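As stored in target34.csv (CSV, C-alpha atoms):
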chain,number,residue,atom,x,y,z
A,1,MET,CA,-24.4,-5.5,18.3
A,2,GLU,CA,-24.4,-6.2,14.5
A,3,GLU,CA,-21.4,-8.0,13.0
A,4,VAL,CA,-19.0,-5.4,11.4
A,5,MET,CA,-18.3,-6.1,7.8
A,6,HIS,CA,-14.7,-6.6,6.8
A,7,VAL,CA,-13.3,-4.5,4.0
A,8,PRO,CA,-10.4,-6.0,2.0
A,9,GLU,CA,-7.1,-4.1,1.8
A,10,VAL,CA,-4.5,-3.4,-0.8
A,11,VAL,CA,-0.8,-3.1,-0.1
A,12,LEU,CA,0.4,0.2,-1.6
A,13,ASN,CA,3.9,0.6,-3.1
A,14,SER,CA,4.8,2.4,0.2
A,15,GLY,CA,4.3,-0.9,2.0
A,16,TYR,CA,1.2,0.3,3.9
A,17,LYS,CA,-2.2,-1.3,3.7
A,18,MET,CA,-5.3,0.7,2.6
A,19,PRO,CA,-8.9,-0.4,2.8
A,20,LEU,CA,-10.4,-0.9,-0.7
A,21,LEU,CA,-13.6,1.0,0.2
A,22,GLY,CA,-13.5,4.5,1.6
A,23,MET,CA,-16.1,7.0,2.6
A,24,GLY,CA,-15.9,10.4,1.0
A,25,THR,CA,-16.8,13.5,3.0
A,26,ALA,CA,-17.2,16.1,0.3
A,27,ALA,CA,-20.8,17.4,0.3
A,28,TYR,CA,-22.4,20.7,-0.7
A,29,PRO,CA,-24.0,21.8,1.5
A,30,MET,CA,-22.0,20.1,4.2
A,31,PRO,CA,-24.1,18.6,7.0
A,32,ILE,CA,-21.8,20.3,9.6
A,33,ASP,CA,-24.1,19.8,12.6
A,34,ASP,CA,-24.3,16.0,12.3
A,35,LEU,CA,-21.4,15.0,10.1
A,36,THR,CA,-19.4,13.7,13.1
A,37,SER,CA,-22.3,11.4,14.2
A,38,ILE,CA,-22.8,10.2,10.7
A,39,LEU,CA,-19.1,9.3,10.5
A,40,VAL,CA,-19.2,7.6,13.9
A,41,ASP,CA,-22.1,5.5,12.6
A,42,ALA,CA,-20.0,4.7,9.5
A,43,ILE,CA,-17.2,3.4,11.7
A,44,GLU,CA,-19.6,1.4,13.7
A,45,THR,CA,-21.0,-0.1,10.4
A,46,GLY,CA,-17.5,-1.1,9.3
A,47,TYR,CA,-15.9,1.7,7.4
A,48,ARG,CA,-12.2,2.2,8.2
A,49,HIS,CA,-11.1,4.5,5.4
A,50,PHE,CA,-12.2,8.2,5.3
A,51,ASP,CA,-11.4,10.6,2.5
A,52,THR,CA,-11.3,14.3,3.3
A,53,ALA,CA,-9.5,17.4,2.0
A,54,ALA,CA,-8.5,20.9,3.0
A,55,LEU,CA,-11.2,22.1,0.6
A,56,TYR,CA,-14.1,20.1,1.9
A,57,GLY,CA,-14.4,21.6,5.3
A,58,SER,CA,-14.8,18.1,6.8
A,59,GLU,CA,-11.4,17.5,8.4
A,60,GLU,CA,-12.5,18.6,11.9
A,61,ALA,CA,-15.5,16.3,11.7
A,62,VAL,CA,-13.4,13.4,10.6
A,63,GLY,CA,-11.0,13.9,13.5
A,64,ARG,CA,-13.8,14.2,16.0
A,65,ALA,CA,-15.4,11.0,14.7
A,66,VAL,CA,-12.2,9.1,15.1
A,67,ALA,CA,-11.7,10.4,18.6
A,68,GLU,CA,-15.3,9.6,19.6
A,69,ALA,CA,-15.1,6.1,18.0
A,70,ILE,CA,-12.0,5.3,20.1
A,71,GLU,CA,-13.6,6.8,23.3
A,72,ARG,CA,-16.7,4.6,22.8
A,73,GLY,CA,-14.7,1.5,22.1
A,74,ILE,CA,-15.9,1.1,18.5
A,75,ILE,CA,-12.3,0.9,17.5
A,76,LYS,CA,-9.3,0.3,19.8
A,77,SER,CA,-6.9,2.9,18.4
A,78,ARG,CA,-6.2,5.5,15.7
A,79,GLN,CA,-4.2,2.8,13.8
A,80,GLN,CA,-7.4,1.0,12.9
A,81,VAL,CA,-8.6,3.8,10.6
A,82,PHE,CA,-7.1,5.0,7.3
A,83,ILE,CA,-7.3,8.8,6.8
A,84,THR,CA,-6.7,10.5,3.4
A,85,SER,CA,-6.6,14.2,3.0
A,86,LYS,CA,-5.5,16.5,0.1
A,87,LEU,CA,-3.4,19.5,-0.6
A,88,TRP,CA,-5.4,22.4,-2.1
A,89,CYS,CA,-4.2,24.3,-5.2
A,90,THR,CA,-3.5,27.5,-3.3
A,91,ASN,CA,-1.0,25.6,-1.2
A,92,ALA,CA,0.5,23.7,-4.1
A,93,HIS,CA,3.7,25.6,-3.8
A,94,PRO,CA,6.9,24.0,-2.5
A,95,GLN,CA,7.2,26.2,0.6
A,96,LEU,CA,3.5,25.8,1.5
A,97,VAL,CA,3.0,22.1,1.4
A,98,LEU,CA,4.4,21.2,4.9
A,99,PRO,CA,2.5,24.1,6.6
A,100,ALA,CA,-0.7,23.0,4.8
A,101,LEU,CA,-0.3,19.4,6.0
A,102,LYS,CA,0.4,20.6,9.6
A,103,ASN,CA,-2.8,22.7,9.4
A,104,THR,CA,-4.7,19.7,8.2
A,105,LEU,CA,-3.3,17.6,11.0
A,106,GLY,CA,-4.3,20.3,13.5
A,107,LYS,CA,-7.9,20.2,12.2
A,108,LEU,CA,-7.9,16.4,12.3
A,109,GLY,CA,-6.4,16.3,15.8
A,110,LEU,CA,-4.0,13.6,14.5
A,111,ASP,CA,-0.2,13.1,14.4
A,112,TYR,CA,-0.2,11.9,10.8
A,113,VAL,CA,-2.4,11.1,7.9
A,114,ASP,CA,-2.2,7.7,6.2
A,115,LEU,CA,-2.3,9.3,2.7
A,116,TYR,CA,-1.8,12.8,1.5
A,117,LEU,CA,-2.7,13.7,-2.1
A,118,ILE,CA,-2.0,16.6,-4.4
A,119,HIS,CA,-5.7,17.5,-5.1
A,120,TRP,CA,-5.2,18.7,-8.7
A,121,PRO,CA,-2.1,19.2,-10.9
A,122,ILE,CA,-2.6,22.9,-10.6
A,123,SER,CA,-1.3,25.8,-8.5
A,124,MET,CA,-3.2,28.9,-7.7
A,125,LYS,CA,-2.2,32.1,-6.1
A,126,PRO,CA,-1.7,31.6,-2.3
A,127,GLY,CA,-4.5,32.9,-0.1
A,128,PRO,CA,-8.3,32.7,-0.2
A,129,VAL,CA,-9.8,32.0,-3.6
A,130,ASP,CA,-13.5,31.7,-4.3
A,131,ILE,CA,-13.6,28.4,-6.2
A,132,LEU,CA,-16.9,29.4,-7.8
A,133,LYS,CA,-15.5,32.7,-9.1
A,134,PHE,CA,-11.8,32.1,-9.7
A,135,LYS,CA,-10.2,33.8,-12.7
A,136,LYS,CA,-7.6,32.8,-15.1
A,137,GLU,CA,-5.0,35.1,-13.4
A,138,ASP,CA,-5.5,33.1,-10.2
A,139,VAL,CA,-3.8,30.1,-11.8
A,140,VAL,CA,0.0,30.1,-11.7
A,141,PRO,CA,2.6,27.7,-13.1
A,142,PHE,CA,2.6,24.3,-11.3
A,143,ASP,CA,6.1,23.5,-10.0
A,144,MET,CA,5.6,19.7,-10.0
A,145,LYS,CA,9.2,18.9,-9.0
A,146,GLY,CA,9.3,21.3,-6.1
A,147,VAL,CA,5.8,20.5,-4.8
A,148,TRP,CA,6.5,16.7,-5.0
A,149,GLN,CA,9.8,17.1,-3.1
A,150,ALA,CA,7.8,18.9,-0.4
A,151,MET,CA,5.3,16.0,-0.4
A,152,GLU,CA,8.2,13.5,0.0
A,153,GLU,CA,9.5,15.6,2.9
A,154,CYS,CA,6.1,15.2,4.6
A,155,CYS,CA,6.5,11.5,4.2
A,156,LYS,CA,10.1,11.4,5.5
A,157,LEU,CA,9.0,13.4,8.6
A,158,GLY,CA,6.3,10.8,9.3
A,159,LEU,CA,3.4,13.3,8.9
A,160,ALA,CA,2.1,11.3,6.0
A,161,LYS,CA,2.6,7.5,5.8
A,162,SER,CA,2.0,7.5,2.0
A,163,VAL,CA,1.8,10.3,-0.6
A,164,GLY,CA,0.0,10.4,-3.9
A,165,VAL,CA,-1.9,12.5,-6.4
A,166,SER,CA,-5.4,13.1,-7.6
A,167,ASN,CA,-6.8,13.9,-11.0
A,168,PHE,CA,-3.5,13.2,-12.7
A,169,SER,CA,-3.5,12.2,-16.4
A,170,CYS,CA,-1.2,9.5,-17.7
A,171,THR,CA,1.0,12.2,-19.1
A,172,LYS,CA,1.3,14.1,-15.9
A,173,LEU,CA,1.8,11.0,-13.9
A,174,SER,CA,4.6,10.0,-16.3
A,175,HIS,CA,6.3,13.3,-15.7
A,176,LEU,CA,6.0,12.9,-12.0
A,177,LEU,CA,7.4,9.4,-12.0
A,178,GLN,CA,10.5,10.6,-13.9
A,179,ILE,CA,11.4,13.1,-11.1
A,180,ALA,CA,10.1,11.3,-8.0
A,181,THR,CA,12.3,9.7,-5.4
A,182,ILE,CA,9.3,8.4,-3.6
A,183,PRO,CA,6.7,7.3,-6.2
A,184,PRO,CA,3.1,8.3,-5.7
A,185,ALA,CA,1.3,5.5,-4.0
A,186,VAL,CA,-2.2,6.4,-5.3
A,187,ASN,CA,-3.8,8.3,-8.1
A,188,GLN,CA,-7.4,9.2,-7.2
A,189,VAL,CA,-9.5,9.9,-10.3
A,190,GLU,CA,-13.1,9.8,-11.4
A,191,ILE,CA,-14.1,6.3,-12.5
A,192,ASN,CA,-17.5,4.8,-13.1
A,193,VAL,CA,-19.2,2.6,-15.6
A,194,ALA,CA,-19.8,5.5,-17.9
A,195,TRP,CA,-16.2,6.9,-17.6
A,196,GLN,CA,-14.1,3.8,-17.3
A,197,GLN,CA,-10.6,5.3,-17.6
A,198,GLN,CA,-9.1,2.1,-19.0
A,199,LYS,CA,-6.0,3.9,-20.1
A,200,VAL,CA,-5.3,5.3,-16.6
A,201,LEU,CA,-6.1,2.0,-15.0
A,202,GLU,CA,-3.7,0.1,-17.3
A,203,TYR,CA,-0.9,2.7,-17.0
A,204,CYS,CA,-1.1,2.9,-13.2
A,205,LYS,CA,-1.1,-0.9,-12.9
A,206,GLU,CA,2.0,-1.0,-15.1
A,207,LYS,CA,3.7,1.6,-12.9
A,208,GLY,CA,2.6,0.2,-9.5
A,209,VAL,CA,0.4,3.1,-8.6
A,210,HIS,CA,-2.9,2.2,-7.0
A,211,VAL,CA,-6.0,3.8,-8.6
A,212,SER,CA,-8.7,5.1,-6.3
A,213,ALA,CA,-12.1,5.9,-7.8
A,214,TYR,CA,-14.2,8.9,-6.8
A,215,SER,CA,-17.7,9.6,-8.2
A,216,PRO,CA,-18.2,5.8,-8.6
A,217,LEU,CA,-21.9,6.2,-9.2
A,218,GLY,CA,-21.5,9.0,-11.7
A,219,ALA,CA,-23.4,7.0,-14.4
A,220,SER,CA,-27.1,6.7,-15.1
A,221,TRP,CA,-27.8,3.1,-15.9
A,222,ASN,CA,-31.1,1.3,-15.9
A,223,SER,CA,-30.6,-1.5,-13.4
A,224,PRO,CA,-32.3,-2.1,-10.0
A,225,SER,CA,-29.0,-3.0,-8.5
A,226,ILE,CA,-26.9,-0.4,-10.2
A,227,PRO,CA,-25.1,0.9,-7.0
A,228,GLN,CA,-23.7,-2.6,-6.1
A,229,VAL,CA,-23.0,-3.5,-9.7
A,230,ALA,CA,-21.3,-0.3,-10.4
A,231,LEU,CA,-19.2,-0.4,-7.3
A,232,ARG,CA,-18.4,-4.1,-7.8
A,233,TRP,CA,-17.2,-3.4,-11.3
A,234,ILE,CA,-14.7,-0.8,-10.1
A,235,TYR,CA,-13.4,-3.3,-7.4
A,236,GLU,CA,-13.0,-5.9,-10.1
A,237,GLN,CA,-10.8,-3.5,-12.0
A,238,GLY,CA,-8.4,-3.6,-9.1
A,239,ALA,CA,-9.2,0.0,-7.9
A,240,SER,CA,-10.5,1.1,-4.5
A,241,VAL,CA,-13.8,2.9,-4.3
A,242,ILE,CA,-14.6,6.2,-2.5
A,243,VAL,CA,-18.3,6.1,-1.9
A,244,LYS,CA,-20.3,9.1,-0.6
A,245,SER,CA,-23.7,8.4,1.0
A,246,PHE,CA,-24.7,9.6,4.4
A,247,ASN,CA,-27.8,7.4,4.4
A,248,GLU,CA,-27.4,4.6,6.9
A,249,GLU,CA,-29.0,1.9,4.8
A,250,ARG,CA,-27.0,2.9,1.7
A,251,MET,CA,-23.8,2.9,3.8
A,252,LYS,CA,-24.5,-0.7,4.7
A,253,GLN,CA,-25.3,-1.7,1.1
A,254,ASN,CA,-22.0,-0.1,-0.2
A,255,LEU,CA,-20.1,-2.6,2.0
A,256,GLU,CA,-21.8,-5.6,0.4
A,257,ILE,CA,-19.8,-5.7,-2.8
A,258,PHE,CA,-16.9,-8.0,-1.8
A,259,ASP,CA,-18.3,-11.6,-1.6
A,260,TRP,CA,-19.8,-12.1,-5.1
A,261,GLU,CA,-18.8,-11.5,-8.7
A,262,LEU,CA,-20.3,-9.8,-11.7
A,263,SER,CA,-22.0,-12.0,-14.3
A,264,THR,CA,-20.7,-12.3,-17.9
A,265,GLU,CA,-23.9,-10.5,-18.9
A,266,ASP,CA,-23.2,-7.6,-16.6
A,267,ASN,CA,-19.7,-7.2,-17.9
A,268,PHE,CA,-20.9,-7.2,-21.5
A,269,LYS,CA,-23.5,-4.6,-20.6
A,270,ILE,CA,-20.9,-2.4,-18.9
A,271,GLN,CA,-18.5,-2.7,-21.9
A,272,ASP,CA,-21.3,-1.3,-24.1
A,273,ILE,CA,-22.0,1.8,-22.1
A,274,PRO,CA,-21.2,5.0,-24.0
A,275,GLN,CA,-18.2,6.7,-22.4
A,276,LYS,CA,-18.6,10.3,-21.3
A,277,LYS,CA,-16.8,12.2,-18.5
A,278,GLY,CA,-19.4,13.0,-15.9
A,279,TYR,CA,-17.6,15.3,-13.5
A,280,ASN,CA,-16.7,18.7,-14.9
A,281,GLY,CA,-14.0,19.2,-12.3
A,282,GLU,CA,-14.9,18.0,-8.9
A,283,ASP,CA,-14.3,21.3,-7.1
A,284,PHE,CA,-14.3,23.8,-9.9
A,285,THR,CA,-17.6,23.7,-11.7
A,286,HIS,CA,-19.3,27.0,-11.8
A,287,PRO,CA,-22.0,28.2,-14.2
A,288,ASN,CA,-20.8,31.7,-15.0
A,289,GLY,CA,-17.0,31.6,-14.6
A,290,PRO,CA,-14.3,31.5,-17.4
A,291,TYR,CA,-14.0,27.7,-17.3
A,292,LYS,CA,-16.6,25.0,-17.6
A,293,SER,CA,-14.2,22.6,-15.8
A,294,VAL,CA,-10.8,22.4,-14.3
A,295,ASP,CA,-9.5,20.5,-17.4
A,296,GLU,CA,-9.7,23.7,-19.4
A,297,ILE,CA,-7.0,25.2,-17.1
A,298,TRP,CA,-4.5,22.5,-17.9
A,299,ASP,CA,-5.4,22.0,-21.6
A,300,GLY,CA,-7.7,19.0,-21.1
A,301,GLU,CA,-4.8,16.5,-20.9
A,302,ILE,CA,-6.7,13.4,-20.0

Would you mind writing the file's structure down as structure tokens?
Amino acid sequence: MEEVMHVPEVVLNSGYKMPLLGMGTAAYPMPIDDLTSILVDAIETGYRHFDTAALYGSEEAVGRAVAEAIERGIIKSRQQVFITSKLWCTNAHPQLVLPALKNTLGKLGLDYVDLYLIHWPISMKPGPVDILKFKKEDVVPFDMKGVWQAMEECCKLGLAKSVGVSNFSCTKLSHLLQIATIPPAVNQVEINVAWQQQKVLEYCKEKGVHVSAYSPLGASWNSPSIPQVALRWIYEQGASVIVKSFNEERMKQNLEIFDWELSTEDNFKIQDIPQKKGYNGEDFTHPNGPYKSVDEIWDGEI
């Protein structure tokens, strides 16, 4: 059996440890039939952090993969994996947060998640919404205080070891920190060499909120080793990285970013890359709808 690569961990402000490399499970179309086996292979390769969400449709596959990995002796217990999931906008209402998390846990087949995030700082009308055809009237005021209090309750009940946010600007994070009793442990945002988010990185570091980067390869950069260089750059910023590749060889390569450092030349090249946001709203982009991106809903407060 091949030696399993060890992924470094960060201690969150909640006191819990989180692996600094996670595997994302959002894919369109979703490889439903073989996603579980792909994730089991990832665990066997050395991945211990899996990022899912109510929206992705991958929670059940993640849960099955964890169960199978334990059954096959790849890991000894559920405690050896770190599972992140997210609250979708239609459930971003104070009275719906706990039921939404319980639904997520049911799909995962787990007693708790390690990290539960507010997916976007947005609320939408409860019930089914076609994310490709949602309308302006589907968006309703976001009760940040009420929703966060419900997130804190999930934490107090032990259903989420840590709670946090995703796609929060510095402004919104500042508002949240003013009203939070339990501060968010993580802010998961888009970060890559072409969208470096230095303001968010600096603000979160100052406030003790760990930054996790999705879309880490969202840049086009002429280098034969761009995946490793781009991922390593994020790691050197102090952020964790959520990678998303179901290719076995690439999964292994993504784990090989921890035992070397970027050269001065690489860092200079990265500093010179023109900055442009690459992800027009992770889950909202639609060609014919009223918005080009989710940012237009909340006034583009970056």

Per residue of range 42-146 of chain A within 10 Å of range 163-183 of chain A, which atom pair is closest and at what distance in Å (one decimal), using only C-alpha atoms, listed by chain and increasing number, as JSON lines?
{"residue": "A:Thr84", "atom": "CA", "partner": "A:Val163", "partner_atom": "CA", "distance": 9.4}
{"residue": "A:Ser85", "atom": "CA", "partner": "A:Val163", "partner_atom": "CA", "distance": 9.9}
{"residue": "A:Lys86", "atom": "CA", "partner": "A:Ser166", "partner_atom": "CA", "distance": 8.4}
{"residue": "A:Leu87", "atom": "CA", "partner": "A:Val165", "partner_atom": "CA", "distance": 9.2}
{"residue": "A:Val113", "atom": "CA", "partner": "A:Val163", "partner_atom": "CA", "distance": 9.5}
{"residue": "A:Asp114", "atom": "CA", "partner": "A:Val163", "partner_atom": "CA", "distance": 8.3}
{"residue": "A:Leu115", "atom": "CA", "partner": "A:Val163", "partner_atom": "CA", "distance": 5.4}
{"residue": "A:Tyr116", "atom": "CA", "partner": "A:Val163", "partner_atom": "CA", "distance": 4.9}
{"residue": "A:Leu117", "atom": "CA", "partner": "A:Val165", "partner_atom": "CA", "distance": 4.5}
{"residue": "A:Ile118", "atom": "CA", "partner": "A:Val165", "partner_atom": "CA", "distance": 4.6}
{"residue": "A:His119", "atom": "CA", "partner": "A:Ser166", "partner_atom": "CA", "distance": 5.1}
{"residue": "A:Trp120", "atom": "CA", "partner": "A:Asn167", "partner_atom": "CA", "distance": 5.6}
{"residue": "A:Pro121", "atom": "CA", "partner": "A:Phe168", "partner_atom": "CA", "distance": 6.4}
{"residue": "A:Ile122", "atom": "CA", "partner": "A:Asn167", "partner_atom": "CA", "distance": 9.9}
{"residue": "A:Met144", "atom": "CA", "partner": "A:Leu176", "partner_atom": "CA", "distance": 7.1}
{"residue": "A:Lys145", "atom": "CA", "partner": "A:Ile179", "partner_atom": "CA", "distance": 6.5}
{"residue": "A:Gly146", "atom": "CA", "partner": "A:Ile179", "partner_atom": "CA", "distance": 9.8}

Generate the output file for the selected residues, C-alpha atoms, as a PDB file, keeping the file's coordinate frame.
ATOM      1  CA  THR A  84      -6.700  10.500   3.400  1.00  0.00           C
ATOM      2  CA  SER A  85      -6.600  14.200   3.000  1.00  0.00           C
ATOM      3  CA  LYS A  86      -5.500  16.500   0.100  1.00  0.00           C
ATOM      4  CA  LEU A  87      -3.400  19.500  -0.600  1.00  0.00           C
ATOM      5  CA  VAL A 113      -2.400  11.100   7.900  1.00  0.00           C
ATOM      6  CA  ASP A 114      -2.200   7.700   6.200  1.00  0.00           C
ATOM      7  CA  LEU A 115      -2.300   9.300   2.700  1.00  0.00           C
ATOM      8  CA  TYR A 116      -1.800  12.800   1.500  1.00  0.00           C
ATOM      9  CA  LEU A 117      -2.700  13.700  -2.100  1.00  0.00           C
ATOM     10  CA  ILE A 118      -2.000  16.600  -4.400  1.00  0.00           C
ATOM     11  CA  HIS A 119      -5.700  17.500  -5.100  1.00  0.00           C
ATOM     12  CA  TRP A 120      -5.200  18.700  -8.700  1.00  0.00           C
ATOM     13  CA  PRO A 121      -2.100  19.200 -10.900  1.00  0.00           C
ATOM     14  CA  ILE A 122      -2.600  22.900 -10.600  1.00  0.00           C
ATOM     15  CA  MET A 144       5.600  19.700 -10.000  1.00  0.00           C
ATOM     16  CA  LYS A 145       9.200  18.900  -9.000  1.00  0.00           C
ATOM     17  CA  GLY A 146       9.300  21.300  -6.100  1.00  0.00           C
TER      18      GLY A 146
END

For Lys277 in chain A, please output as a ChimeraX atom specification all residues within 9 Å (counting all atoms listed in the file; exclusion window: fewer than 4 positions along the same chain).
/A:190-191,194-196,218

From the list A:Leu255, A:Ala92, A:Ala185, A:Ala61, which residue is nearest Ala150 in chain A when using all atoms listed in the file?
A:Ala92

Which neighbours of Val243 in chain A fall inside 12 Å, counting only C-alpha atoms, when residues of the same chain fewer than 2 positions from it are skipped, and could you give them as a PDB file with C-alpha atoms, in the coordinates of the input?
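result.pdb written:
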ATOM      1  CA  LEU A  20     -10.400  -0.900  -0.700  1.00  0.00           C
ATOM      2  CA  LEU A  21     -13.600   1.000   0.200  1.00  0.00           C
ATOM      3  CA  GLY A  22     -13.500   4.500   1.600  1.00  0.00           C
ATOM      4  CA  MET A  23     -16.100   7.000   2.600  1.00  0.00           C
ATOM      5  CA  GLY A  24     -15.900  10.400   1.000  1.00  0.00           C
ATOM      6  CA  THR A  25     -16.800  13.500   3.000  1.00  0.00           C
ATOM      7  CA  ALA A  26     -17.200  16.100   0.300  1.00  0.00           C
ATOM      8  CA  ALA A  27     -20.800  17.400   0.300  1.00  0.00           C
ATOM      9  CA  ALA A  42     -20.000   4.700   9.500  1.00  0.00           C
ATOM     10  CA  TYR A  47     -15.900   1.700   7.400  1.00  0.00           C
ATOM     11  CA  HIS A  49     -11.100   4.500   5.400  1.00  0.00           C
ATOM     12  CA  PHE A  50     -12.200   8.200   5.300  1.00  0.00           C
ATOM     13  CA  ASP A  51     -11.400  10.600   2.500  1.00  0.00           C
ATOM     14  CA  THR A  52     -11.300  14.300   3.300  1.00  0.00           C
ATOM     15  CA  GLU A 190     -13.100   9.800 -11.400  1.00  0.00           C
ATOM     16  CA  ILE A 191     -14.100   6.300 -12.500  1.00  0.00           C
ATOM     17  CA  ASN A 192     -17.500   4.800 -13.100  1.00  0.00           C
ATOM     18  CA  SER A 212      -8.700   5.100  -6.300  1.00  0.00           C
ATOM     19  CA  ALA A 213     -12.100   5.900  -7.800  1.00  0.00           C
ATOM     20  CA  TYR A 214     -14.200   8.900  -6.800  1.00  0.00           C
ATOM     21  CA  SER A 215     -17.700   9.600  -8.200  1.00  0.00           C
ATOM     22  CA  PRO A 216     -18.200   5.800  -8.600  1.00  0.00           C
ATOM     23  CA  LEU A 217     -21.900   6.200  -9.200  1.00  0.00           C
ATOM     24  CA  GLY A 218     -21.500   9.000 -11.700  1.00  0.00           C
ATOM     25  CA  PRO A 227     -25.100   0.900  -7.000  1.00  0.00           C
ATOM     26  CA  GLN A 228     -23.700  -2.600  -6.100  1.00  0.00           C
ATOM     27  CA  ALA A 230     -21.300  -0.300 -10.400  1.00  0.00           C
ATOM     28  CA  LEU A 231     -19.200  -0.400  -7.300  1.00  0.00           C
ATOM     29  CA  ARG A 232     -18.400  -4.100  -7.800  1.00  0.00           C
ATOM     30  CA  ILE A 234     -14.700  -0.800 -10.100  1.00  0.00           C
ATOM     31  CA  TYR A 235     -13.400  -3.300  -7.400  1.00  0.00           C
ATOM     32  CA  SER A 240     -10.500   1.100  -4.500  1.00  0.00           C
ATOM     33  CA  VAL A 241     -13.800   2.900  -4.300  1.00  0.00           C
ATOM     34  CA  SER A 245     -23.700   8.400   1.000  1.00  0.00           C
ATOM     35  CA  PHE A 246     -24.700   9.600   4.400  1.00  0.00           C
ATOM     36  CA  ASN A 247     -27.800   7.400   4.400  1.00  0.00           C
ATOM     37  CA  ARG A 250     -27.000   2.900   1.700  1.00  0.00           C
ATOM     38  CA  MET A 251     -23.800   2.900   3.800  1.00  0.00           C
ATOM     39  CA  LYS A 252     -24.500  -0.700   4.700  1.00  0.00           C
ATOM     40  CA  GLN A 253     -25.300  -1.700   1.100  1.00  0.00           C
ATOM     41  CA  ASN A 254     -22.000  -0.100  -0.200  1.00  0.00           C
ATOM     42  CA  LEU A 255     -20.100  -2.600   2.000  1.00  0.00           C
ATOM     43  CA  ILE A 257     -19.800  -5.700  -2.800  1.00  0.00           C
TER      44      ILE A 257
END

What's around Val40 in chain A at 8 Å? Count all atoms listed in the file, leave out sequence neighbours fewer than 3 positions away in its own chain, and write the answer as a PyMOL selection string.
chain A and resi 36-37+43-44+65-66+68-69

Tell me which of A:Trp233, A:Ala54, A:Lys76, A:Thr104 sits closest to Lys269 in chain A, counting only C-alpha atoms.
A:Trp233

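Counting from CA of Leu101 in chain A, the distance to CA of Leu201 in chain A is 27.9 Å.
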
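A straight line drawn from CA of Phe142 in chain A to CA of Lys102 in chain A is 21.3 Å long.
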
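Distance-wise, CA of Leu12 in chain A and CA of Glu153 in chain A end up 18.4 Å apart.
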
Might you pull out every residue within 7 Å of Met18 in chain A, with all atoms listed in the file counted and same-chain residues fewer than 3 positions away left off, and present them as a count of residues only?
4

Using all atoms listed in the file, which protein or nucleic acid residues come within 8 Å of Val139 in chain A? Drop anything in the same chain fewer than 4 positions from it, and give the result as a PyMOL selection string.
chain A and resi 122-125+135+297

Shortest contact to Gln275 in chain A, candidates A:Tyr56, A:Gln198, A:Asp34, A:Trp260, atoms counted all atoms listed in the file, goes to A:Gln198

Please, can range 15-28 of chain A be completed to N, CA and C atoms and returned as a PDB file, in the coordinates of the input?
ATOM      1  N   GLY A  15       4.251   0.203   1.044  1.00  0.00           N
ATOM      2  CA  GLY A  15       4.300  -0.900   2.000  1.00  0.00           C
ATOM      3  C   GLY A  15       3.118  -0.855   2.997  1.00  0.00           C
ATOM      4  N   TYR A  16       2.361   0.227   3.007  1.00  0.00           N
ATOM      5  CA  TYR A  16       1.200   0.300   3.900  1.00  0.00           C
ATOM      6  C   TYR A  16      -0.049  -0.214   3.295  1.00  0.00           C
ATOM      7  N   LYS A  17      -0.942  -0.705   4.137  1.00  0.00           N
ATOM      8  CA  LYS A  17      -2.200  -1.300   3.700  1.00  0.00           C
ATOM      9  C   LYS A  17      -3.298  -0.183   3.677  1.00  0.00           C
ATOM     10  N   MET A  18      -4.180  -0.237   2.667  1.00  0.00           N
ATOM     11  CA  MET A  18      -5.300   0.700   2.600  1.00  0.00           C
ATOM     12  C   MET A  18      -6.580  -0.064   2.294  1.00  0.00           C
ATOM     13  N   PRO A  19      -7.647   0.197   3.060  1.00  0.00           N
ATOM     14  CA  PRO A  19      -8.900  -0.400   2.800  1.00  0.00           C
ATOM     15  C   PRO A  19      -9.437  -0.077   1.382  1.00  0.00           C
ATOM     16  N   LEU A  20      -9.997  -1.057   0.688  1.00  0.00           N
ATOM     17  CA  LEU A  20     -10.400  -0.900  -0.700  1.00  0.00           C
ATOM     18  C   LEU A  20     -11.760  -0.163  -0.853  1.00  0.00           C
ATOM     19  N   LEU A  21     -12.390   0.169   0.256  1.00  0.00           N
ATOM     20  CA  LEU A  21     -13.600   1.000   0.200  1.00  0.00           C
ATOM     21  C   LEU A  21     -13.429   2.114   1.215  1.00  0.00           C
ATOM     22  N   GLY A  22     -13.610   3.330   0.739  1.00  0.00           N
ATOM     23  CA  GLY A  22     -13.500   4.500   1.600  1.00  0.00           C
ATOM     24  C   GLY A  22     -14.759   5.324   1.560  1.00  0.00           C
ATOM     25  N   MET A  23     -14.958   6.123   2.595  1.00  0.00           N
ATOM     26  CA  MET A  23     -16.100   7.000   2.600  1.00  0.00           C
ATOM     27  C   MET A  23     -15.691   8.425   2.354  1.00  0.00           C
ATOM     28  N   GLY A  24     -16.234   9.001   1.292  1.00  0.00           N
ATOM     29  CA  GLY A  24     -15.900  10.400   1.000  1.00  0.00           C
ATOM     30  C   GLY A  24     -16.699  11.333   1.849  1.00  0.00           C
ATOM     31  N   THR A  25     -16.142  12.525   2.053  1.00  0.00           N
ATOM     32  CA  THR A  25     -16.800  13.500   3.000  1.00  0.00           C
ATOM     33  C   THR A  25     -16.979  14.849   2.301  1.00  0.00           C
ATOM     34  N   ALA A  26     -16.925  14.894   0.968  1.00  0.00           N
ATOM     35  CA  ALA A  26     -17.200  16.100   0.300  1.00  0.00           C
ATOM     36  C   ALA A  26     -18.696  16.207  -0.006  1.00  0.00           C
ATOM     37  N   ALA A  27     -19.337  17.234   0.511  1.00  0.00           N
ATOM     38  CA  ALA A  27     -20.800  17.400   0.300  1.00  0.00           C
ATOM     39  C   ALA A  27     -21.117  18.866   0.313  1.00  0.00           C
ATOM     40  N   TYR A  28     -21.981  19.265  -0.594  1.00  0.00           N
ATOM     41  CA  TYR A  28     -22.400  20.700  -0.700  1.00  0.00           C
ATOM     42  C   TYR A  28     -23.931  20.690  -0.738  1.00  0.00           C
TER      43      TYR A  28
END
